[in-house]
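The file upload12.cif comes next; it holds mmCIF, N, CA and C atoms.
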```cif
data_run
#
loop_
_atom_site.label_atom_id
_atom_site.label_comp_id
_atom_site.auth_asym_id
_atom_site.auth_seq_id
_atom_site.Cartn_x
_atom_site.Cartn_y
_atom_site.Cartn_z
N MET A 2 -6.63 -6.14 -9.35
CA MET A 2 -7.55 -5.61 -8.36
C MET A 2 -6.82 -4.59 -7.48
N PRO A 3 -7.51 -3.56 -7.07
CA PRO A 3 -6.89 -2.61 -6.13
C PRO A 3 -6.55 -3.30 -4.81
N VAL A 4 -5.78 -2.61 -4.00
CA VAL A 4 -5.35 -3.19 -2.73
C VAL A 4 -5.92 -2.40 -1.55
N LEU A 5 -5.96 -3.07 -0.42
CA LEU A 5 -6.42 -2.46 0.82
C LEU A 5 -5.36 -2.68 1.88
N VAL A 6 -5.02 -1.63 2.60
CA VAL A 6 -4.03 -1.70 3.68
C VAL A 6 -4.77 -1.82 5.00
N ASN A 7 -4.43 -2.83 5.79
CA ASN A 7 -4.98 -2.96 7.13
C ASN A 7 -4.30 -1.91 8.01
N GLN A 8 -5.03 -0.86 8.32
CA GLN A 8 -4.48 0.26 9.06
C GLN A 8 -4.02 -0.12 10.47
N ASP A 9 -4.64 -1.12 11.06
CA ASP A 9 -4.26 -1.55 12.41
C ASP A 9 -2.91 -2.27 12.42
N GLU A 10 -2.54 -2.88 11.29
CA GLU A 10 -1.30 -3.64 11.23
C GLU A 10 -0.15 -2.89 10.57
N CYS A 11 -0.44 -1.83 9.83
CA CYS A 11 0.59 -1.06 9.13
C CYS A 11 1.57 -0.46 10.14
N ILE A 12 2.88 -0.65 9.86
CA ILE A 12 3.92 -0.12 10.76
C ILE A 12 4.57 1.15 10.20
N SER A 13 4.00 1.71 9.16
CA SER A 13 4.45 2.98 8.57
C SER A 13 5.88 2.94 8.06
N CYS A 14 6.29 1.81 7.51
CA CYS A 14 7.68 1.68 7.05
C CYS A 14 7.90 2.30 5.67
N GLU A 15 6.84 2.54 4.93
CA GLU A 15 6.85 3.15 3.60
C GLU A 15 7.46 2.28 2.51
N ALA A 16 7.65 0.99 2.77
CA ALA A 16 8.20 0.09 1.75
C ALA A 16 7.27 0.01 0.54
N CYS A 17 5.98 -0.04 0.78
CA CYS A 17 5.00 -0.12 -0.31
C CYS A 17 5.00 1.15 -1.14
N VAL A 18 5.17 2.28 -0.48
CA VAL A 18 5.21 3.56 -1.18
C VAL A 18 6.42 3.60 -2.11
N ALA A 19 7.54 3.07 -1.64
CA ALA A 19 8.78 3.10 -2.41
C ALA A 19 8.71 2.25 -3.68
N VAL A 20 7.95 1.16 -3.66
CA VAL A 20 7.91 0.28 -4.84
C VAL A 20 6.75 0.56 -5.78
N CYS A 21 5.82 1.39 -5.40
CA CYS A 21 4.65 1.65 -6.24
C CYS A 21 5.05 2.47 -7.47
N PRO A 22 4.86 1.91 -8.66
CA PRO A 22 5.30 2.61 -9.87
C PRO A 22 4.43 3.81 -10.27
N THR A 23 3.23 3.91 -9.72
CA THR A 23 2.33 5.01 -10.10
C THR A 23 2.13 6.04 -9.00
N GLY A 24 2.68 5.80 -7.82
CA GLY A 24 2.44 6.71 -6.71
C GLY A 24 1.08 6.51 -6.08
N SER A 25 0.43 5.40 -6.40
CA SER A 25 -0.88 5.10 -5.84
C SER A 25 -0.80 4.87 -4.33
N MET A 26 0.29 4.26 -3.89
CA MET A 26 0.48 4.06 -2.45
C MET A 26 1.05 5.34 -1.86
N PHE A 27 0.47 5.79 -0.77
CA PHE A 27 0.92 7.03 -0.14
C PHE A 27 0.72 6.93 1.36
N MET A 28 1.37 7.81 2.08
CA MET A 28 1.22 7.85 3.53
C MET A 28 0.12 8.86 3.85
N SER A 29 -0.87 8.41 4.58
CA SER A 29 -2.01 9.27 4.93
C SER A 29 -1.63 10.23 6.05
N ASP A 30 -2.54 11.11 6.37
CA ASP A 30 -2.31 12.06 7.47
C ASP A 30 -2.11 11.34 8.80
N SER A 31 -2.65 10.13 8.91
CA SER A 31 -2.51 9.36 10.15
C SER A 31 -1.16 8.65 10.22
N GLY A 32 -0.37 8.75 9.13
CA GLY A 32 0.94 8.12 9.11
C GLY A 32 0.93 6.68 8.65
N LYS A 33 -0.19 6.22 8.17
CA LYS A 33 -0.33 4.85 7.69
C LYS A 33 -0.43 4.85 6.17
N ALA A 34 -0.03 3.74 5.56
CA ALA A 34 -0.09 3.63 4.10
C ALA A 34 -1.53 3.48 3.63
N GLU A 35 -1.81 4.07 2.48
CA GLU A 35 -3.11 3.93 1.83
C GLU A 35 -2.87 3.81 0.34
N SER A 36 -3.88 3.33 -0.37
CA SER A 36 -3.80 3.20 -1.82
C SER A 36 -4.95 3.96 -2.47
N ASP A 37 -4.64 4.64 -3.56
CA ASP A 37 -5.66 5.33 -4.35
C ASP A 37 -6.12 4.38 -5.45
N PRO A 38 -7.34 3.86 -5.35
CA PRO A 38 -7.82 2.88 -6.35
C PRO A 38 -7.93 3.46 -7.76
N ASP A 39 -8.00 4.78 -7.88
CA ASP A 39 -8.11 5.40 -9.20
C ASP A 39 -6.79 5.39 -9.96
N THR A 40 -5.67 5.31 -9.24
CA THR A 40 -4.36 5.32 -9.91
C THR A 40 -3.64 3.98 -9.80
N CYS A 41 -4.18 3.06 -9.02
CA CYS A 41 -3.59 1.73 -8.88
C CYS A 41 -3.71 0.97 -10.20
N ILE A 42 -2.59 0.38 -10.67
CA ILE A 42 -2.61 -0.37 -11.93
C ILE A 42 -2.62 -1.88 -11.69
N ASP A 43 -2.87 -2.28 -10.47
CA ASP A 43 -3.00 -3.70 -10.12
C ASP A 43 -1.73 -4.51 -10.35
N CYS A 44 -0.58 -3.88 -10.17
CA CYS A 44 0.68 -4.62 -10.36
C CYS A 44 1.00 -5.48 -9.13
N ASN A 45 0.43 -5.10 -7.99
CA ASN A 45 0.60 -5.81 -6.72
C ASN A 45 2.04 -5.86 -6.22
N ALA A 46 2.88 -4.95 -6.67
CA ALA A 46 4.27 -4.89 -6.20
C ALA A 46 4.33 -4.61 -4.70
N CYS A 47 3.33 -3.93 -4.19
CA CYS A 47 3.32 -3.56 -2.77
C CYS A 47 3.07 -4.74 -1.84
N ILE A 48 2.32 -5.73 -2.31
CA ILE A 48 1.90 -6.83 -1.43
C ILE A 48 3.08 -7.61 -0.86
N PRO A 49 3.99 -8.14 -1.69
CA PRO A 49 5.11 -8.91 -1.11
C PRO A 49 6.17 -8.03 -0.43
N THR A 50 6.12 -6.72 -0.70
CA THR A 50 7.10 -5.81 -0.11
C THR A 50 6.80 -5.51 1.35
N CYS A 51 5.55 -5.62 1.74
CA CYS A 51 5.15 -5.29 3.11
C CYS A 51 5.72 -6.30 4.10
N PRO A 52 6.53 -5.84 5.06
CA PRO A 52 7.15 -6.77 6.01
C PRO A 52 6.17 -7.39 7.00
N VAL A 53 5.01 -6.77 7.18
CA VAL A 53 4.02 -7.32 8.11
C VAL A 53 2.80 -7.88 7.38
N MET A 54 2.88 -7.94 6.06
CA MET A 54 1.84 -8.53 5.22
C MET A 54 0.44 -7.96 5.51
N CYS A 55 0.35 -6.64 5.57
CA CYS A 55 -0.95 -6.02 5.87
C CYS A 55 -1.65 -5.46 4.64
N ILE A 56 -1.17 -5.82 3.44
CA ILE A 56 -1.79 -5.35 2.20
C ILE A 56 -2.41 -6.54 1.47
N ASP A 57 -3.68 -6.39 1.12
CA ASP A 57 -4.41 -7.45 0.44
C ASP A 57 -5.13 -6.91 -0.79
N GLU A 58 -5.34 -7.78 -1.78
CA GLU A 58 -6.17 -7.43 -2.92
C GLU A 58 -7.62 -7.33 -2.46
N ILE A 59 -8.37 -6.39 -3.07
CA ILE A 59 -9.80 -6.31 -2.76
C ILE A 59 -10.60 -6.55 -4.02
#
```

Would you write out, as structure tokens, the structure that this file holds?
Amino acid sequence: MPVLVNQDECISCEACVAVCPTGSMFMSDSGKAESDPDTCIDCNACIPTCPVMCIDEI
């Protein structure tokens, strides 16, 4: 399943961006992490990498 980043909790550390094998996770113009559901391969590598646990499956 694709993932959703809670924008209110994201601390902009870019850890999820660093581990995403497809580049689906990216930093938005607001400086917060986002995921592109069209390129997400559902590996969920980003979820345990987030230090504030603000990424969830949708």

Listing only residues of stretch 6-27 of chain A within 6.5 Å of stretch 46-57 of chain A, what is the closest atom pair and its distance in Å (to one decimal) for each, using only N, CA and C atoms, sorted by chain and residue number ascending, as JSON lines?
```
{"residue": "A:Val6", "atom": "CA", "partner": "A:Ile56", "partner_atom": "CA", "distance": 4.5}
{"residue": "A:Asn7", "atom": "N", "partner": "A:Cys55", "partner_atom": "C", "distance": 4.0}
{"residue": "A:Glu10", "atom": "C", "partner": "A:Cys55", "partner_atom": "CA", "distance": 5.7}
{"residue": "A:Cys11", "atom": "N", "partner": "A:Cys55", "partner_atom": "CA", "distance": 5.8}
{"residue": "A:Ala16", "atom": "C", "partner": "A:Thr50", "partner_atom": "C", "distance": 5.6}
{"residue": "A:Cys17", "atom": "CA", "partner": "A:Cys47", "partner_atom": "CA", "distance": 4.6}
{"residue": "A:Val20", "atom": "C", "partner": "A:Ala46", "partner_atom": "C", "distance": 5.8}
{"residue": "A:Cys21", "atom": "N", "partner": "A:Cys47", "partner_atom": "N", "distance": 6.0}
```

**Q.** Residues of chain A in helix (DSSP H, G or I), written as number ranges by chain
**A.** A: 16-20, 47-50

Atoms to include: N, CA and C atoms. Write the selected residues as a compact mmCIF listing (two decimals), keeping the file's coordinate frame.
```txt
# COMPACT_ATOMS: atom_id res chain seq x y z
N ALA A 16 7.65 0.99 2.77
CA ALA A 16 8.20 0.09 1.75
C ALA A 16 7.27 0.01 0.54
N CYS A 17 5.98 -0.04 0.78
CA CYS A 17 5.00 -0.12 -0.31
C CYS A 17 5.00 1.15 -1.14
N VAL A 18 5.17 2.28 -0.48
CA VAL A 18 5.21 3.56 -1.18
C VAL A 18 6.42 3.60 -2.11
N ALA A 19 7.54 3.07 -1.64
CA ALA A 19 8.78 3.10 -2.41
C ALA A 19 8.71 2.25 -3.68
N VAL A 20 7.95 1.16 -3.66
CA VAL A 20 7.91 0.28 -4.84
C VAL A 20 6.75 0.56 -5.78
N CYS A 47 3.33 -3.93 -4.19
CA CYS A 47 3.32 -3.56 -2.77
C CYS A 47 3.07 -4.74 -1.84
N ILE A 48 2.32 -5.73 -2.31
CA ILE A 48 1.90 -6.83 -1.43
C ILE A 48 3.08 -7.61 -0.86
N PRO A 49 3.99 -8.14 -1.69
CA PRO A 49 5.11 -8.91 -1.11
C PRO A 49 6.17 -8.03 -0.43
N THR A 50 6.12 -6.72 -0.70
CA THR A 50 7.10 -5.81 -0.11
C THR A 50 6.80 -5.51 1.35
```

(Q) Here's a test: counting only C-alpha atoms, identify every protein, DNA and RNA residue with an atom at most 12 Å from (-1.6, -5.0, -13.8) in the file's coordinate frame, and state them as a PyMOL selection string. (A) chain A and resi 2-4+21-23+40-46

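Picked out by the PyMOL selection byres ((chain A and resi 34) around 8) when it runs on this file: Leu5, Val6, Asn7, Gln8, Cys11, Ile12, Ser13, Cys14, Glu15, Cys17, Val18, Met26, Phe27, Met28, Ser29, Asp30, Ser31, Gly32, Lys33, Glu35, Ser36 and Asp37 of chain A.
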